[in-house]
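Data first, discussion second: the structure below is written as C-alpha cells.
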Amino acid sequence: MRSVEDEDVCRVCGYTDGSQFFEDTWPTHIICDCCGWESGTQALGLEGTREYRGLWLGQGAEWFSRGARPKDRDVLEQVRNIPAHSR
Ligand SMILES: [Zn+2]
C-alpha cells in the first residue's frame, strides 16, 4: 500500500512523472524534469519552496529538461497539483 508520506508530485511546480520525490518522508534527491528542483537539496522548507517557485515562474516557467516536456502541457493545470502543504 502506498504510504501517505510518499510524494510523487513536485512541491514546487506540481509536475509528476511517477517518480517519488519523497519516500516515507525522506527526500530521494531526484531532480524535477519541469522546474529543476531537487528534493532534499533545495528549498526544503515552505518558505524556500515558495521562493524557488517564484523564481521559476518569474523566469517564464521554463522546462528544465526540454525532452521531457509533454506537448499538451498546461502550466496552470499543473500547478494545481502542488500538494496543499507546499502552496
Ligand atoms: Zn518541479
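By convention in this document, the chains of the C-alpha cells carry letters A, B, ... by their order, each chain's residues are numbered from 1, and ligands are numbered from 1 in the order they are shown.
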
Let's see if you can do this: from backbone DSSP, list all strand (DSSP E) residues in chain A, as a PyMOL selection string. chain A and resi 22-23+26-27

The selected residues should be written to file as a compact mmCIF listing (two decimals), in the first residue's frame (atoms: all heavy atoms).
# COMPACT_ATOMS: atom_id res chain seq x y z
N PHE A 22 9.67 12.07 -2.44
CA PHE A 22 9.89 11.69 -1.04
C PHE A 22 9.36 10.28 -0.85
O PHE A 22 8.28 9.94 -1.32
CB PHE A 22 9.14 12.64 -0.09
CG PHE A 22 9.75 14.01 -0.03
CD1 PHE A 22 9.41 14.96 -0.98
CD2 PHE A 22 10.66 14.35 0.95
CE1 PHE A 22 9.98 16.23 -0.95
CE2 PHE A 22 11.23 15.61 1.00
CZ PHE A 22 10.89 16.55 0.04
N GLU A 23 10.14 9.47 -0.16
CA GLU A 23 9.69 8.13 0.20
C GLU A 23 9.73 8.03 1.71
O GLU A 23 10.79 8.19 2.32
CB GLU A 23 10.61 7.06 -0.42
CG GLU A 23 10.41 6.94 -1.92
CD GLU A 23 11.34 5.91 -2.53
OE1 GLU A 23 12.09 5.24 -1.81
OE2 GLU A 23 11.32 5.80 -3.77
N TRP A 26 11.42 10.75 3.47
CA TRP A 26 12.83 11.01 3.14
C TRP A 26 12.95 11.49 1.71
O TRP A 26 12.43 10.86 0.79
CB TRP A 26 13.67 9.75 3.34
CG TRP A 26 13.79 9.36 4.78
CD1 TRP A 26 13.00 8.46 5.44
CD2 TRP A 26 14.70 9.89 5.75
NE1 TRP A 26 13.37 8.40 6.75
CE2 TRP A 26 14.41 9.24 6.98
CE3 TRP A 26 15.74 10.82 5.68
CZ2 TRP A 26 15.13 9.54 8.15
CZ3 TRP A 26 16.44 11.11 6.85
CH2 TRP A 26 16.14 10.46 8.05
N PRO A 27 13.68 12.58 1.50
CA PRO A 27 13.87 13.06 0.13
C PRO A 27 14.72 12.10 -0.69
O PRO A 27 15.67 11.51 -0.17
CB PRO A 27 14.59 14.40 0.31
CG PRO A 27 15.18 14.37 1.68
CD PRO A 27 14.32 13.43 2.49

With 9 Å as the cut-off and only C-alpha atoms and all ligand atoms counted, what is the closest atom pair between each nearby residue of chain A and ligand 1? Distances in Å to one decimal, ordered by chain and number, as CSV.
residue,atom,partner,partner_atom_place_in_ligand_line,distance
A:Val9,CA,ligand 1,1 (Zn),7.9
A:Cys10,CA,ligand 1,1 (Zn),4.6
A:Arg11,CA,ligand 1,1 (Zn),6.6
A:Val12,CA,ligand 1,1 (Zn),5.0
A:Cys13,CA,ligand 1,1 (Zn),4.2
A:Gly14,CA,ligand 1,1 (Zn),6.0
A:Tyr15,CA,ligand 1,1 (Zn),5.4
A:Thr16,CA,ligand 1,1 (Zn),7.9
A:Ile31,CA,ligand 1,1 (Zn),7.9
A:Cys32,CA,ligand 1,1 (Zn),4.6
A:Asp33,CA,ligand 1,1 (Zn),6.6
A:Cys34,CA,ligand 1,1 (Zn),4.9
A:Cys35,CA,ligand 1,1 (Zn),4.1
A:Gly36,CA,ligand 1,1 (Zn),6.0
A:Trp37,CA,ligand 1,1 (Zn),5.5
A:Glu38,CA,ligand 1,1 (Zn),8.3
A:Arg53,CA,ligand 1,1 (Zn),8.4
A:Phe64,CA,ligand 1,1 (Zn),8.6

Would you mind writing down, as a compact mmCIF listing (two decimals) with N, CA, C and O atoms, in the first residue's frame, each residue of chain A that DSSP on the backbone assigns to helix (DSSP H, G or I)?
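Printed below is states20.txt as written:
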# COMPACT_ATOMS: atom_id res chain seq x y z
N LEU A 46 8.89 25.45 3.67
CA LEU A 46 7.81 26.06 2.89
C LEU A 46 8.24 27.39 2.28
O LEU A 46 7.99 27.66 1.11
N GLU A 47 8.95 28.20 3.06
CA GLU A 47 9.41 29.49 2.54
C GLU A 47 10.34 29.29 1.34
O GLU A 47 10.23 29.96 0.32
N GLY A 48 11.26 28.35 1.50
CA GLY A 48 12.20 28.06 0.43
C GLY A 48 11.51 27.53 -0.81
O GLY A 48 11.88 27.85 -1.94
N THR A 49 10.50 26.69 -0.59
CA THR A 49 9.74 26.14 -1.71
C THR A 49 9.03 27.25 -2.48
O THR A 49 9.07 27.30 -3.70
N ARG A 50 8.42 28.16 -1.74
CA ARG A 50 7.71 29.28 -2.38
C ARG A 50 8.68 30.19 -3.13
O ARG A 50 8.37 30.70 -4.21
N GLU A 51 9.85 30.38 -2.53
CA GLU A 51 10.84 31.24 -3.15
C GLU A 51 11.32 30.62 -4.47
O GLU A 51 11.42 31.30 -5.49
N TYR A 52 11.60 29.32 -4.44
CA TYR A 52 12.06 28.62 -5.63
C TYR A 52 10.98 28.69 -6.71
O TYR A 52 11.25 28.93 -7.89
N ARG A 53 9.72 28.49 -6.31
CA ARG A 53 8.61 28.53 -7.26
C ARG A 53 8.50 29.93 -7.88
O ARG A 53 8.27 30.07 -9.07
N GLY A 54 8.68 30.95 -7.03
CA GLY A 54 8.61 32.32 -7.53
C GLY A 54 9.68 32.59 -8.57
O GLY A 54 9.40 33.22 -9.59
N LEU A 55 10.89 32.09 -8.32
CA LEU A 55 11.97 32.27 -9.28
C LEU A 55 11.66 31.56 -10.59
O LEU A 55 11.85 32.10 -11.68
N TRP A 56 11.18 30.34 -10.47
CA TRP A 56 10.88 29.51 -11.65
C TRP A 56 9.79 30.17 -12.50
O TRP A 56 9.92 30.31 -13.71
N LEU A 57 8.72 30.62 -11.83
CA LEU A 57 7.63 31.28 -12.56
C LEU A 57 8.11 32.61 -13.15
O LEU A 57 7.77 32.96 -14.28
N GLY A 58 8.94 33.32 -12.36
CA GLY A 58 9.43 34.61 -12.80
C GLY A 58 10.31 34.53 -14.03
O GLY A 58 10.44 35.49 -14.79
N ARG A 66 14.07 19.74 -21.45
CA ARG A 66 13.19 20.03 -22.57
C ARG A 66 12.61 18.80 -23.24
O ARG A 66 11.49 18.80 -23.72
N GLY A 67 13.41 17.72 -23.26
CA GLY A 67 12.95 16.49 -23.89
C GLY A 67 11.76 15.86 -23.19
O GLY A 67 11.03 15.08 -23.79
N ALA A 68 11.57 16.20 -21.93
CA ALA A 68 10.52 15.57 -21.14
C ALA A 68 9.21 16.33 -21.23
O ALA A 68 8.19 15.89 -20.71
N VAL A 75 0.48 24.75 -17.89
CA VAL A 75 1.16 25.06 -16.63
C VAL A 75 0.18 25.39 -15.50
O VAL A 75 0.41 25.05 -14.34
N LEU A 76 -0.93 26.01 -15.85
CA LEU A 76 -1.90 26.34 -14.79
C LEU A 76 -2.55 25.09 -14.24
O LEU A 76 -2.81 24.97 -13.04
N GLU A 77 -2.82 24.14 -15.16
CA GLU A 77 -3.36 22.86 -14.72
C GLU A 77 -2.34 22.15 -13.82
O GLU A 77 -2.68 21.59 -12.78
N GLN A 78 -1.09 22.25 -14.19
CA GLN A 78 -0.03 21.57 -13.46
C GLN A 78 0.15 22.12 -12.04
O GLN A 78 0.27 21.36 -11.09
N VAL A 79 0.18 23.43 -11.91
CA VAL A 79 0.43 23.99 -10.57
C VAL A 79 -0.73 23.73 -9.61
O VAL A 79 -0.56 23.81 -8.41
N ALA A 84 -1.08 20.52 -1.05
CA ALA A 84 -1.64 21.61 -0.24
C ALA A 84 -0.63 22.14 0.80
O ALA A 84 -0.58 23.34 1.05
N HIS A 85 0.18 21.25 1.36
CA HIS A 85 1.12 21.68 2.41
C HIS A 85 2.27 22.52 1.85
O HIS A 85 3.03 23.09 2.61
N SER A 86 2.42 22.56 0.52
CA SER A 86 3.54 23.26 -0.07
C SER A 86 3.12 24.51 -0.84
O SER A 86 3.92 25.15 -1.49

When distances are computed from only C-alpha atoms, which of A:Gln59, A:Asn81, A:Ser65, A:Ser39 shows the smallest separation from A:Thr25? A:Ser39

Measure the distance from atom CA of A:Pro70 to atom CA of A:Asp17 in Å and round it to one decimal.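 So the answer is 10.5 Å.
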
In Å, rounded to a single decimal, give me how far atom CA of A:Gln20 is from atom CA of A:Asp8.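 Atom-to-atom, atom CA of A:Asp8 to atom CA of A:Gln20, that is 4.3 Å.
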